[in-house]
Each structure stands twice: as C-alpha cells, then as structure tokens.
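The file input_10.cif comes next; it holds mmCIF, C-alpha atoms and all ligand atoms.
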data_entry
#
loop_
_atom_site.label_atom_id
_atom_site.label_comp_id
_atom_site.auth_asym_id
_atom_site.auth_seq_id
_atom_site.Cartn_x
_atom_site.Cartn_y
_atom_site.Cartn_z
CA MET A 139 -4.37 32.02 -21.43
CA ARG A 140 -4.58 32.15 -25.20
CA ARG A 141 -8.08 32.73 -26.56
CA VAL A 142 -8.68 32.24 -30.28
CA LYS A 143 -10.55 35.18 -31.80
CA THR A 144 -13.68 33.61 -33.22
CA ALA A 145 -16.57 34.84 -35.36
CA ILE A 146 -20.00 33.20 -35.49
CA LEU A 147 -21.96 33.34 -38.74
CA ILE A 148 -25.75 33.09 -38.45
CA SER A 149 -28.83 33.50 -40.61
CA GLY A 150 -31.68 33.50 -38.11
CA ARG A 151 -32.61 32.56 -34.56
CA GLY A 152 -29.09 31.98 -33.31
CA SER A 153 -29.68 29.51 -30.48
CA ASN A 154 -26.38 27.74 -31.21
CA MET A 155 -24.72 31.16 -31.26
CA GLU A 156 -26.19 31.81 -27.79
CA ALA A 157 -24.82 28.51 -26.52
CA LEU A 158 -21.37 29.43 -27.85
CA LEU A 159 -21.55 32.94 -26.37
CA ALA A 160 -22.57 31.53 -22.99
CA ALA A 161 -19.73 28.99 -23.01
CA ALA A 162 -17.20 31.64 -24.05
CA GLU A 163 -18.08 33.74 -21.02
CA ALA A 164 -16.07 31.31 -18.89
CA PRO A 165 -12.61 32.82 -18.40
CA ASP A 166 -10.89 29.54 -19.27
CA TYR A 167 -12.81 28.97 -22.52
CA PRO A 168 -10.17 28.87 -25.28
CA ALA A 169 -12.16 30.94 -27.79
CA GLU A 170 -13.28 34.55 -27.53
CA ILE A 171 -16.34 35.42 -29.61
CA ALA A 172 -15.24 38.70 -31.15
CA LEU A 173 -17.86 39.08 -33.89
CA VAL A 174 -21.29 37.82 -34.93
CA LEU A 175 -22.10 38.24 -38.61
CA SER A 176 -25.34 37.51 -40.46
CA ASN A 177 -26.29 37.50 -44.12
CA SER A 178 -29.70 38.73 -43.00
CA PRO A 179 -30.20 42.09 -41.23
CA GLU A 180 -33.44 40.66 -39.78
CA ALA A 181 -31.71 37.76 -38.00
CA ALA A 182 -32.96 37.65 -34.40
CA GLY A 183 -29.56 36.41 -33.25
CA LEU A 184 -28.00 39.80 -34.00
CA HIS A 185 -30.04 41.41 -31.21
CA HIS A 186 -29.12 38.67 -28.73
CA ALA A 187 -25.43 39.08 -29.52
CA ARG A 188 -25.55 42.86 -29.09
CA ALA A 189 -27.44 42.41 -25.81
CA ARG A 190 -24.45 40.39 -24.59
CA GLY A 191 -22.09 43.14 -25.72
CA VAL A 192 -20.70 41.28 -28.72
CA PRO A 193 -20.23 43.26 -31.98
CA ALA A 194 -22.84 42.01 -34.45
CA ILE A 195 -23.15 43.08 -38.07
CA ALA A 196 -25.18 42.11 -41.12
CA ILE A 197 -23.84 41.88 -44.64
CA ASP A 198 -27.04 41.44 -46.60
CA HIS A 199 -26.64 38.97 -49.46
CA ARG A 200 -29.56 40.40 -51.45
CA PRO A 201 -27.83 43.38 -53.09
CA PHE A 202 -25.24 40.97 -54.52
CA GLY A 203 -27.86 39.01 -56.48
CA LYS A 204 -26.27 35.91 -57.99
CA ASP A 205 -22.71 37.06 -57.28
CA ARG A 206 -22.16 34.91 -54.19
CA GLU A 207 -18.43 35.39 -54.31
CA ALA A 208 -18.71 39.19 -54.14
CA HIS A 209 -20.83 38.78 -51.00
CA GLU A 210 -18.25 36.42 -49.53
CA ARG A 211 -15.39 38.79 -50.35
CA GLN A 212 -17.11 41.37 -48.18
CA ILE A 213 -17.62 38.84 -45.38
CA ASP A 214 -13.97 37.79 -45.62
CA GLN A 215 -12.87 41.43 -45.35
CA ALA A 216 -15.06 41.99 -42.28
CA LEU A 217 -13.57 38.89 -40.63
CA LYS A 218 -10.04 40.06 -41.37
CA ASP A 219 -10.79 43.62 -40.19
CA ALA A 220 -11.93 42.16 -36.85
CA GLY A 221 -8.74 40.07 -36.54
CA ILE A 222 -10.71 36.82 -36.64
CA GLN A 223 -8.75 33.56 -36.48
CA LEU A 224 -11.55 30.97 -36.46
CA VAL A 225 -15.12 30.93 -37.83
CA ALA A 226 -18.10 28.95 -36.50
CA LEU A 227 -21.10 28.61 -38.81
CA ALA A 228 -24.20 28.33 -36.61
CA GLY A 229 -27.35 28.05 -38.67
CA TYR A 230 -25.70 29.96 -41.52
CA MET A 231 -28.03 28.92 -44.33
CA ARG A 232 -26.04 29.97 -47.40
CA VAL A 233 -24.11 27.43 -49.44
CA LEU A 234 -20.53 28.73 -49.56
CA THR A 235 -18.49 29.13 -52.73
CA PRO A 236 -14.93 27.80 -52.94
CA TYR A 237 -13.75 31.39 -52.32
CA LEU A 238 -14.70 31.53 -48.62
CA VAL A 239 -14.09 27.82 -48.04
CA THR A 240 -10.52 28.13 -49.33
CA ALA A 241 -9.86 31.39 -47.50
CA TRP A 242 -10.83 29.73 -44.19
CA GLN A 243 -9.66 26.19 -44.82
CA ASP A 244 -9.17 24.33 -41.53
CA ARG A 245 -10.39 27.42 -39.70
CA MET A 246 -14.14 27.14 -40.29
CA LEU A 247 -16.52 24.83 -38.37
CA ASN A 248 -20.18 24.01 -38.98
CA ILE A 249 -22.93 22.26 -37.06
CA HIS A 250 -25.43 20.15 -38.93
CA PRO A 251 -28.54 18.54 -37.41
CA SER A 252 -27.97 14.96 -38.55
CA LEU A 253 -25.58 12.10 -38.01
CA LEU A 254 -23.41 12.88 -41.02
CA PRO A 255 -22.69 11.42 -43.53
CA ALA A 256 -26.43 10.64 -43.31
CA TYR A 257 -28.83 13.37 -44.40
CA PRO A 258 -26.69 16.30 -45.51
CA GLY A 259 -28.58 19.36 -46.77
CA LEU A 260 -32.08 20.40 -45.78
CA HIS A 261 -35.07 18.68 -44.07
CA THR A 262 -32.81 16.27 -42.20
CA HIS A 263 -35.28 15.38 -39.45
CA ALA A 264 -38.17 14.71 -41.85
CA ARG A 265 -35.93 12.47 -43.92
CA ALA A 266 -34.65 10.55 -40.89
CA LEU A 267 -38.23 10.02 -39.67
CA ALA A 268 -39.46 8.92 -43.12
CA ALA A 269 -36.62 6.39 -43.31
CA GLY A 270 -37.63 4.90 -39.94
CA GLU A 271 -34.26 5.64 -38.31
CA ALA A 272 -33.80 4.74 -34.65
CA PHE A 273 -31.49 7.72 -34.08
CA GLY A 274 -31.13 11.29 -35.19
CA GLY A 275 -28.45 13.61 -33.95
CA CYS A 276 -26.00 16.32 -34.83
CA THR A 277 -22.48 16.68 -36.15
CA VAL A 278 -19.79 19.35 -35.89
CA HIS A 279 -17.37 19.26 -38.79
CA LEU A 280 -14.78 21.30 -40.64
CA VAL A 281 -16.13 23.09 -43.70
CA THR A 282 -14.93 21.88 -47.08
CA GLU A 283 -16.28 22.44 -50.57
CA GLY A 284 -18.74 19.52 -50.45
CA VAL A 285 -21.83 20.61 -48.52
CA ASP A 286 -21.83 19.03 -45.02
CA GLN A 287 -18.93 16.75 -45.97
CA GLY A 288 -15.84 17.97 -44.12
CA PRO A 289 -13.89 16.00 -41.50
CA MET A 290 -15.96 15.32 -38.40
CA LEU A 291 -15.00 16.89 -35.06
CA GLY A 292 -17.81 15.48 -32.93
CA GLN A 293 -21.22 13.89 -33.01
CA SER A 294 -24.16 13.34 -30.61
CA ARG A 295 -26.80 10.67 -31.08
CA VAL A 296 -30.40 11.39 -30.11
CA PRO A 297 -32.93 8.53 -29.97
CA ILE A 298 -36.01 8.87 -32.15
CA LEU A 299 -39.05 8.17 -29.97
CA PRO A 300 -42.42 6.72 -30.94
CA GLY A 301 -44.71 9.55 -32.06
CA ASP A 302 -41.82 11.91 -32.82
CA THR A 303 -42.57 14.62 -35.34
CA GLU A 304 -40.14 16.79 -37.24
CA THR A 305 -40.73 19.52 -34.63
CA SER A 306 -40.28 17.33 -31.54
CA LEU A 307 -37.17 15.67 -32.95
CA ALA A 308 -35.65 18.99 -34.04
CA ALA A 309 -36.22 20.40 -30.54
CA ARG A 310 -34.49 17.42 -28.86
CA VAL A 311 -31.59 17.47 -31.32
CA LEU A 312 -31.19 21.21 -30.70
CA ILE A 313 -30.57 20.55 -27.01
CA ALA A 314 -27.78 18.16 -28.02
CA GLU A 315 -26.41 20.76 -30.46
CA HIS A 316 -26.11 23.30 -27.66
CA GLU A 317 -23.84 20.91 -25.73
CA LEU A 318 -21.87 19.53 -28.65
CA TYR A 319 -20.92 22.76 -30.40
CA PRO A 320 -19.29 24.57 -27.44
CA ALA A 321 -17.35 21.38 -26.60
CA CYS A 322 -16.11 20.88 -30.17
CA LEU A 323 -15.22 24.53 -30.64
CA ALA A 324 -13.23 24.47 -27.40
CA ASP A 325 -11.34 21.31 -28.44
CA TYR A 326 -10.56 22.72 -31.85
CA ALA A 327 -9.53 26.18 -30.60
CA LYS A 328 -7.10 24.55 -28.14
CA ARG A 329 -5.46 22.58 -30.94
CA LEU A 330 -5.46 25.35 -33.56
CA LYS A 331 -2.08 26.68 -34.60
CA VAL A 332 -2.45 30.39 -35.20
CA PRO A 333 0.32 32.87 -35.99
C1 LIG A 401 -29.65 24.28 -36.17
O1 LIG A 401 -30.42 23.15 -35.95
C2 LIG A 401 -28.46 23.96 -37.06
O2 LIG A 401 -27.91 22.71 -36.82
C3 LIG A 401 -29.09 24.03 -38.42
O3 LIG A 401 -29.95 25.12 -38.37
C4 LIG A 401 -30.41 25.31 -37.04
C5 LIG A 401 -30.10 26.72 -36.64
O4 LIG A 401 -30.67 27.02 -35.39
N1 LIG A 401 -28.10 24.16 -39.43
C6 LIG A 401 -28.20 23.64 -40.65
O5 LIG A 401 -29.17 23.01 -41.01
C7 LIG A 401 -27.02 23.89 -41.55
N2 LIG A 401 -27.04 23.01 -42.65
P1 LIG A 401 -30.13 28.22 -34.52
O6 LIG A 401 -30.15 29.47 -35.43
O7 LIG A 401 -31.11 28.35 -33.42
O8 LIG A 401 -28.75 27.90 -34.05
#
Could you render the structure from this file as structure tokens?
Amino acid sequence: MRRVKTAILISGRGSNMEALLAAAEAPDYPAEIALVLSNSPEAAGLHHARARGVPAIAIDHRPFGKDREAHERQIDQALKDAGIQLVALAGYMRVLTPYLVTAWQDRMLNIHPSLLPAYPGLHTHARALAAGEAFGGCTVHLVTEGVDQGPMLGQSRVPILPGDTETSLAARVLIAEHELYPACLADYAKRLKVP
C-alpha cells in the first residue's frame, strides 16, 4: 500500500510525535514517518525518535538570529533531501514565515490545544479556564499564514471539570491530542494527491 513520506517537526517533549510514530508502526497506516526535525538540538523528542530508529535532526534556529526565512530555507532543503511529501507540526513552537507555509501549502498539518477558532496562540488552557468555558479541547488543521487559522481537519472536545487547573486540563487535553492527531494524519494522508 502507498505510504506518504511524512516529517514531524517538534520543539520539545514530543509526546504527539510519539503518538504519531506509534500509529505509523502499523503496516496499514497510510503515512511513514521518515524524518523528525527540531529547531532545538536539546529537544527530548529527538532522542525518542532515534530510539525508535527514525532519523532525527536538529536545525538550530539560534545561529540565524532574526532571519527566520533563512532558517526555514534550511528546513525546507532538509525536507526535500529526505523526499518528504507531508509535514506534521507537533509542538513546533516557532511562528512560520510565508516562505515555509507557501512551500508546503496543503501539505502541512498542525495540532493546537484548543477548540479553534477559540484561543489561538499561547496559554490556551489558562485563557479557557479564566473565561469559564465548559469545554476545552484540541484541533488539527492545515497550516496557513494566519497563526492557528487554517482549515480544520478534526477536533476533540474535553470537558472542563470543577477544580481544573491549567496543568490538569492540559494533561487531559493531551490524551485527546494523542488520539486525534494520528487519526487526522491518516485521513489526510489517504486523501493526499502526491506525484
Ligand atoms: C501540545 O499540547 C500541542 O498541542 C501544543 O504544544 C504541546 C506539545 O506537546 N502545540 C501548540 O501549542 C502549538 N501552537 P508535545 O511536544 O508533548 O507533543
């Protein structure tokens, strides 16, 4: 069966990356994780990926200073060198420039820990709690130039419980993320038209 060559971009812990790697171990999963790439050489997720036998590299953003596009040009080259067809951002905490977004239009997914369009950006759980929301959740969407604004591919709702804190809510939403992302990536990879 056809398996879409996929890269995962991370910045830190990489628990969503691990959920995607675990799902992709099934022989009938329609995406093959061929590369993990981080903007931070210290990202713990890099070690987990290597332990599973997946090539994992860092392209440190710091030497590029304010030239975000130069950093992204290097990322883009690494993706092309690895023959990547689809990119999954999984806790990749850099705002992308139009350069990378355009280069990977309709071929780049992201997961965000809120029920978009509510609470894009940072501190989503704290903001949902402060607003007295009954539900938090997570969204998988295509990446476009507006931060956390691309077309939605899937969403999970997570009830907010009495006494919830930012930490307890984030932990429960994360469990939902680990189910939602592999399912959405599989759906999208099946539908993707690649040369
Ligand atoms: C996840 O909750 C993910 O949704 C969030 O960062 C966390 C990364 O955890 N992403 C964003 O906030 C992107 N705007 P992980 O490294 O364990 O997957």
*Would you work out the distance separating atom CA of A:His199 from atom CA of A:Ala308, expressed in Å to one decimal?*
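Atom CA of A:Ala308 lies at a distance of 26.8 Å from atom CA of A:His199.
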Calculate, to one decimal in Å, the centre and edge lengths of the box along x, y and z of the file that holds all listed atoms of ligand LIG 401 (chain A) with 8 Å of margin on each side, and present them as AutoDock Vina command-line options.
--center_x -29.1 --center_y 26.1 --center_z -38.0 --size_x 20.1 --size_y 22.8 --size_z 25.2
_Neighbour list for stretch 249-259 of chain A as a list in words, cut-off 7 Å, all atoms listed in the file, skip fewer than 5 positions in-chain_ =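 The residues satisfying every condition are Leu227, Ala228, Gly274, Gly275, Cys276, Thr277, Val278, His279, Asp286, Gln287, Gln293, Val311 and Tyr319 of chain A.
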_Given all atoms listed in the file as the basis, pick out the residue of A:Leu158, A:Ala272, A:Val192, A:Ile148 nearest to A:Ala172._
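Closest residue, counting all atoms listed in the file: A:Val192.
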*How many Å lie between atom CA of A:Ala266 and atom CA of A:Gly183, rounded to one decimal?*
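Separating atom CA of A:Ala266 from atom CA of A:Gly183 is a distance of 27.4 Å.
You will find atom CA of A:Gln212 at 26.4 Å from atom CA of A:Pro289.
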